[in-house]
Amino acid sequence: MKMLYNILVMEKIAEKTVQITFCGGTGSVTGANFLLEVDGKKILVDCGLTQGVKLADDVNWEPFPYDPKTIDILFITHGHVDHLGRIPKLIKEGFRGKIYSTEPTLGLALPMLEDTAEILGKNTDLGLDKIYSEENIKIALSLWQGFKYHENLKITENVTVNFLNAGHILGSAMVEFVYNGKKILFTGDLGNSPSPILPDTEIVTNADYLVMESVYGDRNHESRDDRRRLLAETIQDNHRRKGTLVIPTFSLERSQELLFELDGLVTNDRIPVMPIFFDSPLAIRLTEVFKQYTNYLNENAQKMISPGKYLFDFPGLHNTLKSEESKMIGNVPNPKIVIAGSGMSTGGRVVHHEKHYLPDPNNTILLTGYQSIGTPGRLIQEGLKMVYITGDEVAIRAHIVTISGYSGHKDSDGLLNFVEAMQDKVKKIFVVMGEPKSSMFLAQKLKDNLGLEAYVPNHGDSVSLVC
Ligand SMILES: [Zn+2]
């Protein structure tokens with residue numbers, strides 16, 4: 001009898017234990033991949049590429065630390081490839097569970113995966129053509145379902161899940177698991193609210209356990225109020241010098257934000273009308289998804305739409321879809337603006353523009369996004385006089401301007417404020433998705449300023465949470 005009682009007690013305890021394994025996104029901003037074992041289910045949150053200098057580090061092709069065939073559900077927080085880019089590998093290795101995300105994330109997933117496949121699928125040496133195949137992407141999409149924020153999904157008898165607005169990119173979500181009345185929250189990436197086009201990050205007051213990002217854990221951005229003024233001034237200065245302003249930018253979100261800001265500046269006569277080339281086929285395609293989900297944009301952006309006035313369209317703007325059109329940009333007289341990817345100048349059309357425009361002191365390179373260590377973008381930002389871009393030596397004489405106020409991530413104070421709202425409730429915080437010093441700094445700050453239990457897990461660590 002006593003033994004049976006013990007077994008029952010043990011079962012009771014086992015039932016209430018939740019395990020999280022940090023399979024990716026530790027010691028690095030990228031490669032988010034967390035395994036949550038709850039109520040007999042194996043769940044993944046994000047399955048992203050680890051990125052640095054390259055679109056994908058070699059570490060991505062190592063085996064997953066779990067058997068993909070045994071995973072029941074994969075939740076995707078948002079459409080960036082460092083959160084979803086490894087899905088084709090998961091499919092290739094037998095994952096056939098469900099994929100859940102918000103509706104816009106599902107809309108963004110296809111162009112993002114196809115773009116990734118176009119680049120990585122060429123690598124036959126590592127067999128990436130077998131991973132990034134049309135077929136694997138098709139299977140992934142067939143398993144995928146999109147939901148609205150706060151739809152309250154019941155995934156087991158005892159577990160419900162909600163997507164909360166993270167304010168980071170279109171459709172970005174925090175994923176909240178509720179089990180035995182306890183809440184476990186995965187932040188994904190948290191937006192630098194207020195964004196020009198997105199609603200603010202939701203305030204969460206009642207999470208028990210938190211797995212949070214820390215990209216800017218150790219740094220603060222300059223005031224957001226200044227960003228539009230700095231953008232206008234940079235454009236005016238470049239216009240006076242009759243130069244070309246090159247803006248290397250991420251195709252997803254930053255591009256659309258910039259278009260929205262430029263639209264406002266042109267419409268309100270804050271900058272002169274001049275040719276503005278939106279020179280990224282991927283960004284053009286993604287902008288169509290934004291137009292489809294305008295109900296996910298903030299009130300201010302929705303107000304800009306009126307009969308005859310479309311979002312992301314204004315005088316002077318040219319979408320250059322074809323590469324022949326892109327090549328013609330060099331023949332267009334200055335002053336002009338070129339927006340092109342990739343955001344860290346590691347590839348894409350921007351590298352041709354940089355090779356062409358960096359050596360001339362009349363031109364400007366404007367950096368508005370995070371630049372990873374070792375990328376040409378980071379070296380340009382750090383003020384080097386020469387840089388190698390796709391193997392070619394390029395002299396840097398152009399003006400280099402950084403506006404960090406457009407960052408898509410909360411800064412150190414923003415992250416602290418986010419946690420402060422739940423400080424009476426939250427029991428443990430796991431700080432991930434940051435360079436090590438950034439994560440450590442934020443964890444220390446959470447301990448010192450808020451007196452909370454904060455940890456920086458290592459790759460492969462598992463923790464048991466009592467729920
Ligand atoms: Zn992101």
# chains A, B, ... in the order shown; residues from 1 in each chain; ligands from 1

$ select_by_dssp --residues "range 175-251 of chain A" --states "strand (DSSP E)" --output "number ranges by chain"
A: 175-179, 182-186, 209-213, 244-248

$ write_last_selection --atoms "C-alpha atoms" --output "CSV table (one decimal), in the first residue's frame"
chain,number,residue,atom,x,y,z
A,175,VAL,CA,4.5,32.2,-26.8
A,176,GLU,CA,2.8,31.7,-23.5
A,177,PHE,CA,2.3,28.1,-22.1
A,178,VAL,CA,-0.2,27.7,-19.3
A,179,TYR,CA,0.1,24.5,-17.3
A,182,LYS,CA,1.6,28.4,-14.1
A,183,LYS,CA,2.7,30.4,-17.1
A,184,ILE,CA,5.9,29.8,-19.0
A,185,LEU,CA,6.7,32.6,-21.4
A,186,PHE,CA,9.2,32.5,-24.3
A,209,TYR,CA,9.0,31.4,-15.8
A,210,LEU,CA,10.6,33.5,-18.5
A,211,VAL,CA,12.9,32.6,-21.4
A,212,MET,CA,14.0,36.0,-22.8
A,213,GLU,CA,16.1,37.5,-25.5
A,244,THR,CA,24.1,58.4,-53.3
A,245,LEU,CA,22.7,57.3,-50.0
A,246,VAL,CA,23.0,53.5,-49.6
A,247,ILE,CA,21.0,51.9,-46.9
A,248,PRO,CA,21.9,48.2,-46.4

$ residues_around --residues "range 426-435 of chain A" --least-positions-apart "6" --cutoff "8 Å" --atoms "only C-alpha atoms" --output "PyMOL selection string"
chain A and resi 25-32+206-217+442-443+452-457

$ write_last_selection --atoms "N, CA and C atoms" --output "short mmCIF file (atom, residue, chain, number, x, y, z; two decimals), in the first residue's frame"
data_model
loop_
_atom_site.label_atom_id
_atom_site.label_comp_id
_atom_site.auth_asym_id
_atom_site.auth_seq_id
_atom_site.Cartn_x
_atom_site.Cartn_y
_atom_site.Cartn_z
N GLY A 25 20.48 29.09 -29.57
CA GLY A 25 20.19 30.44 -29.08
C GLY A 25 20.84 30.73 -27.73
N THR A 26 21.91 29.96 -27.41
CA THR A 26 22.68 30.26 -26.19
C THR A 26 24.06 30.74 -26.63
N GLY A 27 24.57 31.77 -25.99
CA GLY A 27 25.87 32.33 -26.36
C GLY A 27 25.86 32.97 -27.73
N SER A 28 24.68 33.18 -28.28
CA SER A 28 24.56 33.74 -29.63
C SER A 28 23.19 34.40 -29.77
N VAL A 29 23.16 35.45 -30.58
CA VAL A 29 21.90 36.14 -30.85
C VAL A 29 20.96 35.22 -31.65
N THR A 30 21.59 34.37 -32.46
CA THR A 30 20.82 33.62 -33.47
C THR A 30 20.66 32.15 -33.07
N GLY A 31 19.97 31.39 -33.94
CA GLY A 31 19.86 29.93 -33.76
C GLY A 31 18.88 29.51 -32.68
N ALA A 32 17.84 30.30 -32.44
CA ALA A 32 16.87 29.98 -31.38
C ALA A 32 16.30 28.58 -31.56
N ASN A 206 2.18 38.46 -15.42
CA ASN A 206 1.92 37.26 -14.62
C ASN A 206 2.66 36.00 -15.08
N ALA A 207 3.83 36.14 -15.68
CA ALA A 207 4.59 34.94 -16.07
C ALA A 207 5.31 34.38 -14.85
N ASP A 208 5.34 33.05 -14.73
CA ASP A 208 6.08 32.41 -13.63
C ASP A 208 7.52 32.13 -14.04
N TYR A 209 7.68 31.71 -15.29
CA TYR A 209 9.02 31.42 -15.81
C TYR A 209 9.17 32.14 -17.14
N LEU A 210 10.37 32.66 -17.35
CA LEU A 210 10.59 33.49 -18.52
C LEU A 210 11.87 33.07 -19.24
N VAL A 211 11.75 32.83 -20.53
CA VAL A 211 12.94 32.60 -21.37
C VAL A 211 13.01 33.81 -22.29
N MET A 212 14.01 34.66 -22.07
CA MET A 212 13.97 35.97 -22.75
C MET A 212 15.21 36.25 -23.59
N GLU A 213 15.01 37.06 -24.61
CA GLU A 213 16.12 37.47 -25.49
C GLU A 213 16.97 38.55 -24.81
N SER A 214 18.20 38.73 -25.31
CA SER A 214 19.09 39.73 -24.71
C SER A 214 20.05 40.33 -25.74
N VAL A 215 19.57 40.52 -26.97
CA VAL A 215 20.44 41.04 -28.04
C VAL A 215 21.13 42.33 -27.58
N TYR A 216 20.35 43.23 -27.01
CA TYR A 216 20.91 44.49 -26.53
C TYR A 216 20.93 44.53 -25.00
N GLY A 217 21.21 43.39 -24.37
CA GLY A 217 21.20 43.30 -22.91
C GLY A 217 22.14 44.26 -22.22
N LEU A 442 22.78 41.49 -18.69
CA LEU A 442 21.35 41.62 -18.41
C LEU A 442 20.96 40.76 -17.20
N ALA A 443 21.49 39.54 -17.12
CA ALA A 443 21.16 38.67 -15.98
C ALA A 443 21.58 39.34 -14.67
N LEU A 452 15.87 39.46 -8.83
CA LEU A 452 15.26 38.24 -9.40
C LEU A 452 16.32 37.16 -9.64
N GLU A 453 15.83 35.92 -9.76
CA GLU A 453 16.70 34.79 -10.07
C GLU A 453 16.87 34.74 -11.58
N ALA A 454 18.04 35.09 -12.06
CA ALA A 454 18.26 35.09 -13.52
C ALA A 454 19.49 34.26 -13.86
N TYR A 455 19.37 33.44 -14.90
CA TYR A 455 20.44 32.54 -15.30
C TYR A 455 20.76 32.73 -16.77
N VAL A 456 22.02 32.44 -17.11
CA VAL A 456 22.41 32.41 -18.52
C VAL A 456 22.76 30.95 -18.84
N PRO A 457 21.83 30.20 -19.43
CA PRO A 457 22.11 28.78 -19.67
C PRO A 457 23.16 28.57 -20.75
#

$ residues_near_ligand --ligand "ligand 1" --cutoff "9 Å" --atoms "only C-alpha atoms and all ligand atoms" --output "ChimeraX atom specification"
/A:30,77-83,168-169,172,188-191,408-409

$ write_last_selection --atoms "all heavy atoms" --output "short mmCIF file (atom, residue, chain, number, x, y, z; two decimals), in the first residue's frame"
data_model
loop_
_atom_site.label_atom_id
_atom_site.label_comp_id
_atom_site.auth_asym_id
_atom_site.auth_seq_id
_atom_site.Cartn_x
_atom_site.Cartn_y
_atom_site.Cartn_z
N THR A 30 21.59 34.37 -32.46
CA THR A 30 20.82 33.62 -33.47
C THR A 30 20.66 32.15 -33.07
O THR A 30 21.14 31.72 -32.03
CB THR A 30 21.54 33.71 -34.82
OG1 THR A 30 22.84 33.15 -34.66
CG2 THR A 30 21.67 35.14 -35.30
N THR A 77 8.05 31.81 -33.23
CA THR A 77 7.72 33.13 -32.67
C THR A 77 7.57 34.20 -33.75
O THR A 77 6.72 35.08 -33.62
CB THR A 77 8.79 33.60 -31.65
OG1 THR A 77 10.07 33.66 -32.32
CG2 THR A 77 8.86 32.67 -30.45
N HIS A 78 8.43 34.13 -34.79
CA HIS A 78 8.32 35.14 -35.86
C HIS A 78 9.12 34.73 -37.09
O HIS A 78 9.83 33.73 -37.07
CB HIS A 78 8.71 36.52 -35.36
CG HIS A 78 10.15 36.67 -34.95
ND1 HIS A 78 10.65 36.15 -33.79
CD2 HIS A 78 11.18 37.29 -35.56
CE1 HIS A 78 11.93 36.44 -33.70
NE2 HIS A 78 12.29 37.13 -34.76
N GLY A 79 9.00 35.53 -38.14
CA GLY A 79 9.47 35.13 -39.46
C GLY A 79 10.94 35.27 -39.77
O GLY A 79 11.35 34.96 -40.89
N HIS A 80 11.77 35.71 -38.84
CA HIS A 80 13.21 35.82 -39.14
C HIS A 80 13.86 34.43 -39.25
O HIS A 80 13.50 33.52 -38.51
CB HIS A 80 13.92 36.62 -38.03
CG HIS A 80 13.79 38.10 -38.20
ND1 HIS A 80 13.65 38.97 -37.13
CD2 HIS A 80 13.79 38.88 -39.31
CE1 HIS A 80 13.57 40.21 -37.58
NE2 HIS A 80 13.65 40.18 -38.90
N VAL A 81 14.88 34.32 -40.14
CA VAL A 81 15.46 32.99 -40.38
C VAL A 81 16.22 32.45 -39.18
O VAL A 81 16.38 31.23 -39.06
CB VAL A 81 16.39 32.94 -41.63
CG1 VAL A 81 15.58 32.99 -42.90
CG2 VAL A 81 17.44 33.99 -41.60
N ASP A 82 16.66 33.33 -38.27
CA ASP A 82 17.32 32.77 -37.08
C ASP A 82 16.30 32.19 -36.10
O ASP A 82 16.65 31.71 -35.03
CB ASP A 82 18.24 33.81 -36.40
CG ASP A 82 17.54 35.08 -35.99
OD1 ASP A 82 16.56 35.46 -36.65
OD2 ASP A 82 17.98 35.71 -35.00
N HIS A 83 15.03 32.19 -36.52
CA HIS A 83 13.97 31.56 -35.72
C HIS A 83 13.24 30.45 -36.49
O HIS A 83 12.59 29.62 -35.87
CB HIS A 83 12.98 32.61 -35.21
CG HIS A 83 13.62 33.53 -34.22
ND1 HIS A 83 13.46 33.41 -32.86
CD2 HIS A 83 14.49 34.56 -34.40
CE1 HIS A 83 14.18 34.33 -32.24
NE2 HIS A 83 14.82 35.04 -33.16
N HIS A 168 7.91 43.12 -32.44
CA HIS A 168 9.26 43.08 -33.03
C HIS A 168 9.23 43.20 -34.55
O HIS A 168 9.92 44.04 -35.13
CB HIS A 168 9.93 41.78 -32.57
CG HIS A 168 11.19 41.41 -33.27
ND1 HIS A 168 12.32 42.20 -33.25
CD2 HIS A 168 11.52 40.30 -34.00
CE1 HIS A 168 13.28 41.60 -33.95
NE2 HIS A 168 12.81 40.46 -34.42
N ILE A 169 8.44 42.34 -35.19
CA ILE A 169 8.19 42.46 -36.64
C ILE A 169 6.72 42.10 -36.86
O ILE A 169 6.05 41.64 -35.94
CB ILE A 169 9.10 41.56 -37.50
CG1 ILE A 169 8.80 40.07 -37.26
CG2 ILE A 169 10.57 41.84 -37.26
CD1 ILE A 169 9.46 39.14 -38.28
N SER A 172 4.98 39.13 -35.05
CA SER A 172 5.90 38.52 -34.05
C SER A 172 5.17 38.26 -32.75
O SER A 172 4.32 39.04 -32.33
CB SER A 172 7.10 39.43 -33.81
OG SER A 172 6.68 40.65 -33.24
N GLY A 188 10.68 35.11 -27.65
CA GLY A 188 11.14 35.35 -29.02
C GLY A 188 11.93 36.65 -28.99
O GLY A 188 12.57 36.95 -27.96
N ASP A 189 11.89 37.43 -30.03
CA ASP A 189 12.54 38.74 -30.01
C ASP A 189 11.53 39.81 -29.60
O ASP A 189 10.38 39.77 -30.04
CB ASP A 189 13.12 39.08 -31.40
CG ASP A 189 14.34 38.23 -31.73
OD1 ASP A 189 14.89 37.61 -30.81
OD2 ASP A 189 14.73 38.20 -32.91
N LEU A 190 11.99 40.75 -28.77
CA LEU A 190 11.08 41.79 -28.26
C LEU A 190 11.33 43.11 -28.96
O LEU A 190 12.48 43.57 -29.05
CB LEU A 190 11.29 41.95 -26.75
CG LEU A 190 10.83 40.76 -25.91
CD1 LEU A 190 11.34 40.90 -24.47
CD2 LEU A 190 9.31 40.63 -25.92
N GLY A 191 10.28 43.73 -29.43
CA GLY A 191 10.39 44.95 -30.23
C GLY A 191 10.76 46.18 -29.44
O GLY A 191 10.50 46.28 -28.24
N GLY A 408 15.22 46.85 -34.07
CA GLY A 408 13.98 46.10 -33.87
C GLY A 408 13.93 45.42 -32.50
O GLY A 408 12.99 44.68 -32.23
N HIS A 409 14.95 45.66 -31.69
CA HIS A 409 15.03 44.98 -30.38
C HIS A 409 14.98 45.98 -29.24
O HIS A 409 15.54 47.06 -29.33
CB HIS A 409 16.36 44.22 -30.27
CG HIS A 409 16.44 43.04 -31.16
ND1 HIS A 409 16.09 41.78 -30.76
CD2 HIS A 409 16.85 42.92 -32.45
CE1 HIS A 409 16.27 40.93 -31.76
NE2 HIS A 409 16.72 41.60 -32.80
#

$ closest_atom_pairs --of "range 105-135 of chain A" --to "range 268-292 of chain A" --cutoff "8 Å" --atoms "only C-alpha atoms" --output "CSV"
residue,atom,partner,partner_atom,distance
A:Gly107,CA,A:Val289,CA,6.3
A:Leu108,CA,A:Leu286,CA,6.6
A:Pro111,CA,A:Leu286,CA,7.0
A:Met112,CA,A:Leu282,CA,7.9
A:Asp115,CA,A:Leu282,CA,7.1

$ atom_distance --atom1 "CA of Leu297 in chain A" --atom2 "CA of Asp225 in chain A"
19.7 Å

$ decode --residues "range 169-214 of chain A" --atoms "N, CA and C atoms" --output "CSV table (one decimal), in the first residue's frame"
chain,number,residue,atom,x,y,z
A,169,ILE,N,8.4,42.3,-35.2
A,169,ILE,CA,8.2,42.5,-36.6
A,169,ILE,C,6.7,42.1,-36.9
A,170,LEU,N,6.3,42.2,-38.1
A,170,LEU,CA,4.9,41.9,-38.4
A,170,LEU,C,4.5,40.5,-37.9
A,171,GLY,N,3.5,40.4,-37.1
A,171,GLY,CA,3.1,39.0,-36.6
A,171,GLY,C,4.0,38.4,-35.5
A,172,SER,N,5.0,39.1,-35.0
A,172,SER,CA,5.9,38.5,-34.1
A,172,SER,C,5.2,38.3,-32.7
A,173,ALA,N,5.5,37.1,-32.1
A,173,ALA,CA,4.8,36.7,-30.9
A,173,ALA,C,5.7,36.2,-29.8
A,174,MET,N,5.3,36.4,-28.6
A,174,MET,CA,5.8,35.7,-27.5
A,174,MET,C,4.9,34.5,-27.4
A,175,VAL,N,5.4,33.3,-26.9
A,175,VAL,CA,4.5,32.2,-26.8
A,175,VAL,C,4.4,31.9,-25.3
A,176,GLU,N,3.1,31.9,-24.9
A,176,GLU,CA,2.8,31.7,-23.5
A,176,GLU,C,2.2,30.3,-23.3
A,177,PHE,N,2.8,29.4,-22.5
A,177,PHE,CA,2.3,28.1,-22.1
A,177,PHE,C,1.7,28.2,-20.7
A,178,VAL,N,0.4,27.7,-20.6
A,178,VAL,CA,-0.2,27.7,-19.3
A,178,VAL,C,-0.4,26.2,-18.9
A,179,TYR,N,0.2,25.8,-17.8
A,179,TYR,CA,0.1,24.5,-17.3
A,179,TYR,C,-0.1,24.5,-15.8
A,180,ASN,N,-1.1,23.8,-15.3
A,180,ASN,CA,-1.4,23.8,-13.9
A,180,ASN,C,-1.5,25.2,-13.3
A,181,GLY,N,-2.0,26.1,-14.1
A,181,GLY,CA,-2.1,27.5,-13.6
A,181,GLY,C,-0.8,28.3,-13.6
A,182,LYS,N,0.3,27.7,-14.0
A,182,LYS,CA,1.6,28.4,-14.1
A,182,LYS,C,1.8,28.8,-15.6
A,183,LYS,N,2.5,29.9,-15.7
A,183,LYS,CA,2.7,30.4,-17.1
A,183,LYS,C,4.2,30.4,-17.4
A,184,ILE,N,4.5,29.8,-18.5
A,184,ILE,CA,5.9,29.8,-19.0
A,184,ILE,C,5.9,30.6,-20.3
A,185,LEU,N,6.8,31.7,-20.3
A,185,LEU,CA,6.7,32.6,-21.4
A,185,LEU,C,8.1,32.6,-22.2
A,186,PHE,N,8.0,32.3,-23.5
A,186,PHE,CA,9.2,32.5,-24.3
A,186,PHE,C,9.0,33.8,-25.1
A,187,THR,N,9.9,34.7,-25.0
A,187,THR,CA,9.7,36.0,-25.6
A,187,THR,C,9.9,36.1,-27.1
A,188,GLY,N,10.7,35.1,-27.6
A,188,GLY,CA,11.1,35.4,-29.0
A,188,GLY,C,11.9,36.6,-29.0
A,189,ASP,N,11.9,37.4,-30.0
A,189,ASP,CA,12.5,38.7,-30.0
A,189,ASP,C,11.5,39.8,-29.6
A,190,LEU,N,12.0,40.7,-28.8
A,190,LEU,CA,11.1,41.8,-28.3
A,190,LEU,C,11.3,43.1,-29.0
A,191,GLY,N,10.3,43.7,-29.4
A,191,GLY,CA,10.4,44.9,-30.2
A,191,GLY,C,10.8,46.2,-29.4
A,192,ASN,N,11.4,47.1,-30.2
A,192,ASN,CA,11.8,48.4,-29.6
A,192,ASN,C,10.6,49.4,-29.7
A,193,SER,N,9.6,49.1,-29.0
A,193,SER,CA,8.4,49.9,-29.1
A,193,SER,C,8.6,51.4,-28.6
A,194,PRO,N,8.0,52.4,-29.1
A,194,PRO,CA,7.1,52.3,-30.2
A,194,PRO,C,7.7,52.2,-31.5
A,195,SER,N,7.2,51.3,-32.3
A,195,SER,CA,7.7,51.1,-33.7
A,195,SER,C,6.9,52.0,-34.6
A,196,PRO,N,7.5,52.5,-35.7
A,196,PRO,CA,6.7,53.3,-36.6
A,196,PRO,C,5.4,52.7,-37.1
A,197,ILE,N,5.5,51.3,-37.3
A,197,ILE,CA,4.3,50.7,-37.9
A,197,ILE,C,3.6,49.6,-37.1
A,198,LEU,N,4.2,49.1,-36.0
A,198,LEU,CA,3.6,48.0,-35.2
A,198,LEU,C,3.0,48.5,-33.9
A,199,PRO,N,2.0,47.8,-33.4
A,199,PRO,CA,1.6,48.1,-32.0
A,199,PRO,C,2.7,47.7,-31.0
A,200,ASP,N,2.6,48.3,-29.9
A,200,ASP,CA,3.6,48.1,-28.8
A,200,ASP,C,3.7,46.7,-28.3
A,201,THR,N,4.8,46.3,-27.8
A,201,THR,CA,4.9,45.0,-27.1
A,201,THR,C,3.9,44.9,-26.0
A,202,GLU,N,3.2,43.8,-25.9
A,202,GLU,CA,2.3,43.7,-24.8
A,202,GLU,C,3.0,43.7,-23.4
A,203,ILE,N,2.3,44.2,-22.5
A,203,ILE,CA,2.9,44.2,-21.1
A,203,ILE,C,2.4,42.9,-20.5
A,204,VAL,N,3.3,42.1,-19.9
A,204,VAL,CA,3.0,40.9,-19.3
A,204,VAL,C,3.3,41.0,-17.8
A,205,THR,N,2.3,40.7,-17.0
A,205,THR,CA,2.5,40.9,-15.5
A,205,THR,C,2.5,39.6,-14.8
A,206,ASN,N,2.2,38.5,-15.4
A,206,ASN,CA,1.9,37.3,-14.6
A,206,ASN,C,2.7,36.0,-15.1
A,207,ALA,N,3.8,36.1,-15.7
A,207,ALA,CA,4.6,34.9,-16.1
A,207,ALA,C,5.3,34.4,-14.8
A,208,ASP,N,5.3,33.0,-14.7
A,208,ASP,CA,6.1,32.4,-13.6
A,208,ASP,C,7.5,32.1,-14.0
A,209,TYR,N,7.7,31.7,-15.3
A,209,TYR,CA,9.0,31.4,-15.8
A,209,TYR,C,9.2,32.1,-17.1
A,210,LEU,N,10.4,32.7,-17.3
A,210,LEU,CA,10.6,33.5,-18.5
A,210,LEU,C,11.9,33.1,-19.2
A,211,VAL,N,11.8,32.8,-20.5
A,211,VAL,CA,12.9,32.6,-21.4
A,211,VAL,C,13.0,33.8,-22.3
A,212,MET,N,14.0,34.7,-22.1
A,212,MET,CA,14.0,36.0,-22.8
A,212,MET,C,15.2,36.3,-23.6
A,213,GLU,N,15.0,37.1,-24.6
A,213,GLU,CA,16.1,37.5,-25.5
A,213,GLU,C,17.0,38.6,-24.8
A,214,SER,N,18.2,38.7,-25.3
A,214,SER,CA,19.1,39.7,-24.7
A,214,SER,C,20.1,40.3,-25.7
